[in-house]
Every structure is written in C-alpha cells, then in structure tokens.
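> Dropping in final.pdb, which is PDB, C-alpha atoms:
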```
ATOM      1  CA  MET B 287      92.000  83.602  94.868
ATOM      2  CA  ASN B 288      94.332  82.439  97.615
ATOM      3  CA  LYS B 289      94.721  78.865  98.887
ATOM      4  CA  LYS B 290      92.861  79.570 102.142
ATOM      5  CA  THR B 291      89.797  80.847 100.271
ATOM      6  CA  GLU B 292      89.915  77.937  97.830
ATOM      7  CA  GLN B 293      90.003  75.482 100.737
ATOM      8  CA  ALA B 294      87.102  77.237 102.464
ATOM      9  CA  LEU B 295      84.991  77.046  99.283
ATOM     10  CA  GLU B 296      85.928  73.390  98.852
ATOM     11  CA  THR B 297      84.758  72.745 102.426
ATOM     12  CA  ILE B 298      81.445  74.503 101.741
ATOM     13  CA  ALA B 299      80.966  72.376  98.626
ATOM     14  CA  GLN B 300      81.767  69.182 100.503
ATOM     15  CA  LYS B 301      79.607  69.849 103.563
ATOM     16  CA  THR B 302      76.679  71.711 102.015
ATOM     17  CA  LEU B 303      76.490  70.423  98.445
ATOM     18  CA  LEU B 304      77.869  66.947  99.231
ATOM     19  CA  MET B 305      80.434  67.266  96.430
ATOM     20  CA  ASP B 306      83.762  65.462  96.574
ATOM     21  CA  THR B 307      85.697  68.295  94.959
ATOM     22  CA  LEU B 308      85.390  71.532  93.008
ATOM     23  CA  LYS B 309      88.219  70.509  90.689
ATOM     24  CA  THR B 310      87.338  69.902  87.041
ATOM     25  CA  ARG B 311      87.647  66.224  86.138
ATOM     26  CA  ASN B 312      86.382  66.433  82.536
ATOM     27  CA  THR B 313      83.996  63.537  83.153
ATOM     28  CA  SER B 314      80.335  63.118  83.998
ATOM     29  CA  GLU B 315      81.385  63.537  87.647
ATOM     30  CA  ASP B 316      81.638  67.284  86.961
ATOM     31  CA  PHE B 317      77.831  67.433  86.806
ATOM     32  CA  GLU B 318      76.051  67.122  90.137
ATOM     33  CA  GLU B 319      72.359  67.064  90.985
ATOM     34  CA  VAL B 320      71.842  69.515  93.821
ATOM     35  CA  ALA B 321      68.678  70.788  95.494
ATOM     36  CA  VAL B 322      68.010  74.508  95.219
ATOM     37  CA  TRP B 323      67.993  74.930  99.017
ATOM     38  CA  GLN B 324      71.499  73.434  99.137
ATOM     39  CA  VAL B 325      72.691  75.905  96.503
ATOM     40  CA  ARG B 326      71.136  78.777  98.446
ATOM     41  CA  LYS B 327      72.804  77.676 101.685
ATOM     42  CA  ALA B 328      76.194  77.294  99.974
ATOM     43  CA  LEU B 329      75.882  80.744  98.383
ATOM     44  CA  GLU B 330      74.985  82.281 101.747
ATOM     45  CA  GLN B 331      78.007  80.619 103.351
ATOM     46  CA  ALA B 332      80.309  81.813 100.566
ATOM     47  CA  TYR B 333      78.890  85.336 100.872
ATOM     48  CA  GLN B 334      79.509  85.352 104.626
ATOM     49  CA  LEU B 335      83.042  84.089 104.021
ATOM     50  CA  GLY B 336      83.657  86.986 101.626
ATOM     51  CA  LEU B 337      82.294  89.523 104.096
ATOM     52  CA  LYS B 338      84.469  88.122 106.860
ATOM     53  CA  GLN B 339      87.591  88.163 104.686
ATOM     54  CA  GLY B 340      86.826  91.691 103.485
ATOM     55  CA  GLN B 341      86.580  92.979 107.046
ATOM     56  CA  LYS B 342      90.041  91.595 107.833
ATOM     57  CA  GLN B 343      91.666  93.668 105.082
TER      58      GLN B 343
END
```
Kindly present the structure from the file in structure tokens form.

Amino acid sequence: MNKKTEQALETIAQKTLLMDTLKTRNTSEDFEEVAVWQVRKALEQAYQLGLKQGQKQ
C-alpha cells in the first residue's frame, strides 16, 4: 500500500470512526468502541477510494 492510500485510510478512520490513528500502539488504546453504522460508513468510503484509485490505473 502506498503512502497516499495509507493517509487516505487514516483520514477515514479519524473523521468517520473518531480514531486518533491506525498505527498499532500495543496498548489498550488499540481497542476502540465503534458503532456499526460508523464501521459501515468507513467501509463504504474505503471501497469508494479503492474504486477511484483503480480507475486511475
């Protein structure tokens, strides 16, 4: 995965899932409580990102 995609996924996680980071911290902070509708929205955004990037290739 390239840096641009990683940053886009990080942004989705921050804005949609209200997570500080997607980096592993090896602490209890790695476990977030997230509503199912937030997960669905984040997955839809990530899917759309993948479609968009695939069309550019």
> Could you name the residues that touch region 308-317 of chain B at 10 Å or less, counting all atoms listed in the file, but leaving out those on the same chain fewer than 4 positions away, as a VMD selection string?
chain B and resid 292 to 293 295 to 297 299 to 300
> Let me have the centre and edge lengths in Å, one decimal, of the box along x, y and z around every listed atom of region 307-319 of chain B with 6 Å of margin on each side, as AutoDock Vina command-line options.

```
--center_x 80.3 --center_y 67.3 --center_z 88.7 --size_x 27.9 --size_y 20.4 --size_z 24.4
```
> Between CA of Val325 (chain B) and CA of Gln343 (chain B), what distance in Å does the model show, to one decimal?
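Going from CA of Val325 (chain B) over to CA of Gln343 (chain B) covers 27.4 Å.
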> Of the candidates B:Glu330, B:Glu318, B:Gln341, B:Gly336, which one gets nearest to Leu303 (chain B) if we count all atoms listed in the file?
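Checking each of B:Glu330, B:Glu318, B:Gln341, B:Gly336 against Leu303 (chain B), counting all atoms listed in the file, the winner is B:Glu318.
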> Contacts of Thr302 (chain B) at 12 Å or less, counting only C-alpha atoms, minus same-chain residues fewer than 2 places along, as a list in words?
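Listed by chain and then number, they are Ala294, Leu295, Glu296, Thr297, Ile298, Ala299, Gln300, Leu304, Met305, Asp306, Thr307, Val320, Ala321, Val322, Trp323, Gln324, Val325, Arg326, Lys327, Ala328, Leu329, Glu330, Gln331 and Ala332 of chain B.
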> Please complete region 298-317 of chain B with N, CA and C atoms and give it back as a PDB file, in the frame of the given file.

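Just written: selection14.pdb:
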```pdb
ATOM      1  N   ILE B 298      82.868  74.193 101.907  1.00  0.00           N
ATOM      2  CA  ILE B 298      81.445  74.503 101.741  1.00  0.00           C
ATOM      3  C   ILE B 298      80.816  73.531 100.751  1.00  0.00           C
ATOM      4  N   ALA B 299      81.484  73.295  99.642  1.00  0.00           N
ATOM      5  CA  ALA B 299      80.966  72.376  98.626  1.00  0.00           C
ATOM      6  C   ALA B 299      80.831  70.960  99.177  1.00  0.00           C
ATOM      7  N   GLN B 300      81.799  70.536  99.955  1.00  0.00           N
ATOM      8  CA  GLN B 300      81.767  69.182 100.503  1.00  0.00           C
ATOM      9  C   GLN B 300      80.667  69.024 101.547  1.00  0.00           C
ATOM     10  N   LYS B 301      80.562  69.973 102.459  1.00  0.00           N
ATOM     11  CA  LYS B 301      79.607  69.849 103.563  1.00  0.00           C
ATOM     12  C   LYS B 301      78.183  70.201 103.167  1.00  0.00           C
ATOM     13  N   THR B 302      78.014  71.215 102.341  1.00  0.00           N
ATOM     14  CA  THR B 302      76.679  71.711 102.015  1.00  0.00           C
ATOM     15  C   THR B 302      76.116  71.085 100.749  1.00  0.00           C
ATOM     16  N   LEU B 303      76.953  70.946  99.733  1.00  0.00           N
ATOM     17  CA  LEU B 303      76.490  70.423  98.445  1.00  0.00           C
ATOM     18  C   LEU B 303      76.798  68.940  98.271  1.00  0.00           C
ATOM     19  N   LEU B 304      77.503  68.371  99.250  1.00  0.00           N
ATOM     20  CA  LEU B 304      77.869  66.947  99.231  1.00  0.00           C
ATOM     21  C   LEU B 304      78.675  66.576  97.987  1.00  0.00           C
ATOM     22  N   MET B 305      79.558  67.495  97.580  1.00  0.00           N
ATOM     23  CA  MET B 305      80.434  67.266  96.430  1.00  0.00           C
ATOM     24  C   MET B 305      81.802  66.828  96.928  1.00  0.00           C
ATOM     25  N   ASP B 306      82.428  65.932  96.198  1.00  0.00           N
ATOM     26  CA  ASP B 306      83.762  65.462  96.574  1.00  0.00           C
ATOM     27  C   ASP B 306      84.807  66.553  96.392  1.00  0.00           C
ATOM     28  N   THR B 307      84.689  67.291  95.297  1.00  0.00           N
ATOM     29  CA  THR B 307      85.697  68.295  94.959  1.00  0.00           C
ATOM     30  C   THR B 307      85.096  69.353  94.041  1.00  0.00           C
ATOM     31  N   LEU B 308      85.759  70.494  93.967  1.00  0.00           N
ATOM     32  CA  LEU B 308      85.390  71.532  93.008  1.00  0.00           C
ATOM     33  C   LEU B 308      86.338  71.532  91.812  1.00  0.00           C
ATOM     34  N   LYS B 309      87.267  70.604  91.798  1.00  0.00           N
ATOM     35  CA  LYS B 309      88.219  70.509  90.689  1.00  0.00           C
ATOM     36  C   LYS B 309      87.539  69.897  89.461  1.00  0.00           C
ATOM     37  N   THR B 310      87.865  70.428  88.296  1.00  0.00           N
ATOM     38  CA  THR B 310      87.338  69.902  87.041  1.00  0.00           C
ATOM     39  C   THR B 310      87.979  68.556  86.753  1.00  0.00           C
ATOM     40  N   ARG B 311      87.142  67.564  86.429  1.00  0.00           N
ATOM     41  CA  ARG B 311      87.647  66.224  86.138  1.00  0.00           C
ATOM     42  C   ARG B 311      87.434  65.841  84.675  1.00  0.00           C
ATOM     43  N   ASN B 312      86.690  66.691  83.946  1.00  0.00           N
ATOM     44  CA  ASN B 312      86.382  66.433  82.536  1.00  0.00           C
ATOM     45  C   ASN B 312      85.702  65.081  82.324  1.00  0.00           C
ATOM     46  N   THR B 313      84.804  64.754  83.254  1.00  0.00           N
ATOM     47  CA  THR B 313      83.996  63.537  83.153  1.00  0.00           C
ATOM     48  C   THR B 313      82.576  63.880  83.581  1.00  0.00           C
ATOM     49  N   SER B 314      81.715  62.900  83.556  1.00  0.00           N
ATOM     50  CA  SER B 314      80.335  63.118  83.998  1.00  0.00           C
ATOM     51  C   SER B 314      80.269  63.468  85.486  1.00  0.00           C
ATOM     52  N   GLU B 315      81.343  63.194  86.222  1.00  0.00           N
ATOM     53  CA  GLU B 315      81.385  63.537  87.647  1.00  0.00           C
ATOM     54  C   GLU B 315      81.413  65.049  87.880  1.00  0.00           C
ATOM     55  N   ASP B 316      81.654  65.826  86.837  1.00  0.00           N
ATOM     56  CA  ASP B 316      81.638  67.284  86.961  1.00  0.00           C
ATOM     57  C   ASP B 316      80.212  67.827  87.079  1.00  0.00           C
ATOM     58  N   PHE B 317      79.229  67.006  86.789  1.00  0.00           N
ATOM     59  CA  PHE B 317      77.831  67.433  86.806  1.00  0.00           C
ATOM     60  C   PHE B 317      77.122  66.777  87.978  1.00  0.00           C
TER      61      PHE B 317
END
```
